[in-house]
Amino acid sequence: MKIDDLAVHFPMGGGWFGGEKRVLRAVDGVSLDVKPGECLGLVGESGCGKSTLALSILGLTTPARGSITLDGQPVVAAGSSGDRSTLARTVQM
């Protein structure tokens with residue numbers, strides 16, 4: 001699995017009367033490479049983006065930028081035009 005410059009952002013409501021829209025940067029700039037047979041443990045404080053990163057790897061959250069590849073194939077996010085059935089058999093929580 002290879003993750004390159006992954007970012008997941010969630011829009012938050014704007015201020016009163018059309019004020020500035022805010023964005024929650026749940027994951028920003030994550031890159032890692034896990035080779036076959038390797039195991040990766042991800043630790044961090046509550047709210048640091050561990051679950052959001054996992055949901056992106058599962059294809060359940062759409063990244064704002066970056067890429068995720070598994071066995072050389074891109075991970076497609078839910079709702080996009082792609083078949084997730086192969087990914088669902090390979091990657092699970």
# chains A, B, ... in the order shown; residues from 1 in each chain; ligands from 1
$ residues_around --residues "region 31-39 of chain A" --least-positions-apart "3" --cutoff "6 Å" --atoms "only C-alpha atoms" --output "list of chain:residue names"
A:Met1, A:Lys2, A:Ile3, A:Asp4, A:Asp5
$ residues_around --residues "Val8 (chain A)" --least-positions-apart "2" --cutoff "7 Å" --atoms "only C-alpha atoms" --output "ChimeraX atom specification"
/A:6,10,25-28,62-64
$ select_by_dssp --residues "chain A" --states "strand (DSSP E or B)" --output "ChimeraX atom specification"
/A:2-12,22-33,65-70,73-74
$ atom_distance --atom1 "CA of Val30 (chain A)" --atom2 "CA of Thr69 (chain A)"
13.4 Å
$ residues_around --residues "Leu55 (chain A)" --least-positions-apart "6" --cutoff "10 Å" --atoms "only C-alpha atoms" --output "VMD selection string"
chain A and resid 49 61 to 63 77 92 to 93
$ write_last_selection --atoms "N, CA, C and O atoms" --output "mmCIF file, in the first residue's frame"
data_model
loop_
_atom_site.group_PDB
_atom_site.id
_atom_site.type_symbol
_atom_site.label_atom_id
_atom_site.label_comp_id
_atom_site.auth_asym_id
_atom_site.auth_seq_id
_atom_site.Cartn_x
_atom_site.Cartn_y
_atom_site.Cartn_z
ATOM 1 N N GLY A 49 -6.996 12.186 13.468
ATOM 2 C CA GLY A 49 -7.207 11.767 12.091
ATOM 3 C C GLY A 49 -6.959 10.303 11.798
ATOM 4 O O GLY A 49 -6.989 9.890 10.640
ATOM 5 N N THR A 61 -14.101 7.446 2.403
ATOM 6 C CA THR A 61 -14.005 8.894 2.498
ATOM 7 C C THR A 61 -13.215 9.393 1.295
ATOM 8 O O THR A 61 -12.178 8.822 0.960
ATOM 9 N N THR A 62 -13.703 10.443 0.669
ATOM 10 C CA THR A 62 -13.049 10.986 -0.515
ATOM 11 C C THR A 62 -11.954 11.969 -0.112
ATOM 12 O O THR A 62 -12.226 12.939 0.588
ATOM 13 N N PRO A 63 -10.718 11.728 -0.556
ATOM 14 C CA PRO A 63 -9.636 12.657 -0.235
ATOM 15 C C PRO A 63 -9.775 13.972 -1.003
ATOM 16 O O PRO A 63 -10.273 13.994 -2.129
ATOM 17 N N ALA A 77 -12.904 6.107 -4.127
ATOM 18 C CA ALA A 77 -13.779 6.472 -3.020
ATOM 19 C C ALA A 77 -15.215 6.080 -3.317
ATOM 20 O O ALA A 77 -15.617 5.983 -4.468
ATOM 21 N N GLN A 92 -10.186 -4.445 5.138
ATOM 22 C CA GLN A 92 -11.310 -4.345 6.059
ATOM 23 C C GLN A 92 -10.825 -3.798 7.382
ATOM 24 O O GLN A 92 -9.655 -3.914 7.727
ATOM 25 N N MET A 93 -11.743 -3.209 8.124
ATOM 26 C CA MET A 93 -11.397 -2.721 9.470
ATOM 27 C C MET A 93 -11.394 -3.896 10.414
ATOM 28 O O MET A 93 -12.120 -4.811 10.310
#
$ atom_distance --atom1 "CA of Ala7 (chain A)" --atom2 "CA of Gly66 (chain A)"
6.3 Å
$ closest_residue --among "A:Cys48, A:Leu24, A:Gly41, A:Leu87" --to "Leu60 (chain A)" --atoms "only C-alpha atoms"
A:Leu87
$ select_by_dssp --residues "chain A" --states "alpha helix (DSSP H)" --output "list in words"
Lys50, Ser51, Thr52, Leu53, Ala54, Leu55, Ser56, Ile57, Ser85, Thr86, Leu87, Ala88, Arg89 and Thr90 of chain A
$ write_last_selection --atoms "N, CA and C atoms" --output "short mmCIF file (atom, residue, chain, number, x, y, z; two decimals), in the first residue's frame"
data_model
loop_
_atom_site.label_atom_id
_atom_site.label_comp_id
_atom_site.auth_asym_id
_atom_site.auth_seq_id
_atom_site.Cartn_x
_atom_site.Cartn_y
_atom_site.Cartn_z
N LYS A 50 -6.75 9.49 12.82
CA LYS A 50 -6.49 8.06 12.60
C LYS A 50 -7.66 7.38 11.89
N SER A 51 -8.86 7.58 12.38
CA SER A 51 -10.04 6.93 11.78
C SER A 51 -10.32 7.48 10.39
N THR A 52 -10.12 8.77 10.19
CA THR A 52 -10.34 9.37 8.88
C THR A 52 -9.35 8.79 7.87
N LEU A 53 -8.12 8.59 8.27
CA LEU A 53 -7.13 7.97 7.40
C LEU A 53 -7.56 6.54 7.05
N ALA A 54 -8.03 5.79 8.05
CA ALA A 54 -8.48 4.41 7.81
C ALA A 54 -9.68 4.39 6.86
N LEU A 55 -10.62 5.30 7.02
CA LEU A 55 -11.78 5.36 6.14
C LEU A 55 -11.37 5.69 4.71
N SER A 56 -10.35 6.51 4.55
CA SER A 56 -9.84 6.82 3.21
C SER A 56 -9.21 5.59 2.58
N ILE A 57 -8.45 4.83 3.35
CA ILE A 57 -7.83 3.61 2.84
C ILE A 57 -8.89 2.61 2.41
N SER A 85 -15.76 -3.69 -4.99
CA SER A 85 -15.91 -5.05 -4.47
C SER A 85 -14.56 -5.73 -4.27
N THR A 86 -13.62 -5.53 -5.17
CA THR A 86 -12.28 -6.12 -5.01
C THR A 86 -11.59 -5.54 -3.78
N LEU A 87 -11.68 -4.23 -3.61
CA LEU A 87 -11.07 -3.58 -2.45
C LEU A 87 -11.71 -4.08 -1.16
N ALA A 88 -13.02 -4.24 -1.15
CA ALA A 88 -13.73 -4.69 0.06
C ALA A 88 -13.31 -6.09 0.48
N ARG A 89 -12.89 -6.92 -0.48
CA ARG A 89 -12.41 -8.27 -0.13
C ARG A 89 -10.99 -8.23 0.39
N THR A 90 -10.25 -7.17 0.08
CA THR A 90 -8.84 -7.09 0.45
C THR A 90 -8.60 -6.30 1.73
#
$ atom_distance --atom1 "CA of Val23 (chain A)" --atom2 "CA of Pro11 (chain A)"
4.5 Å
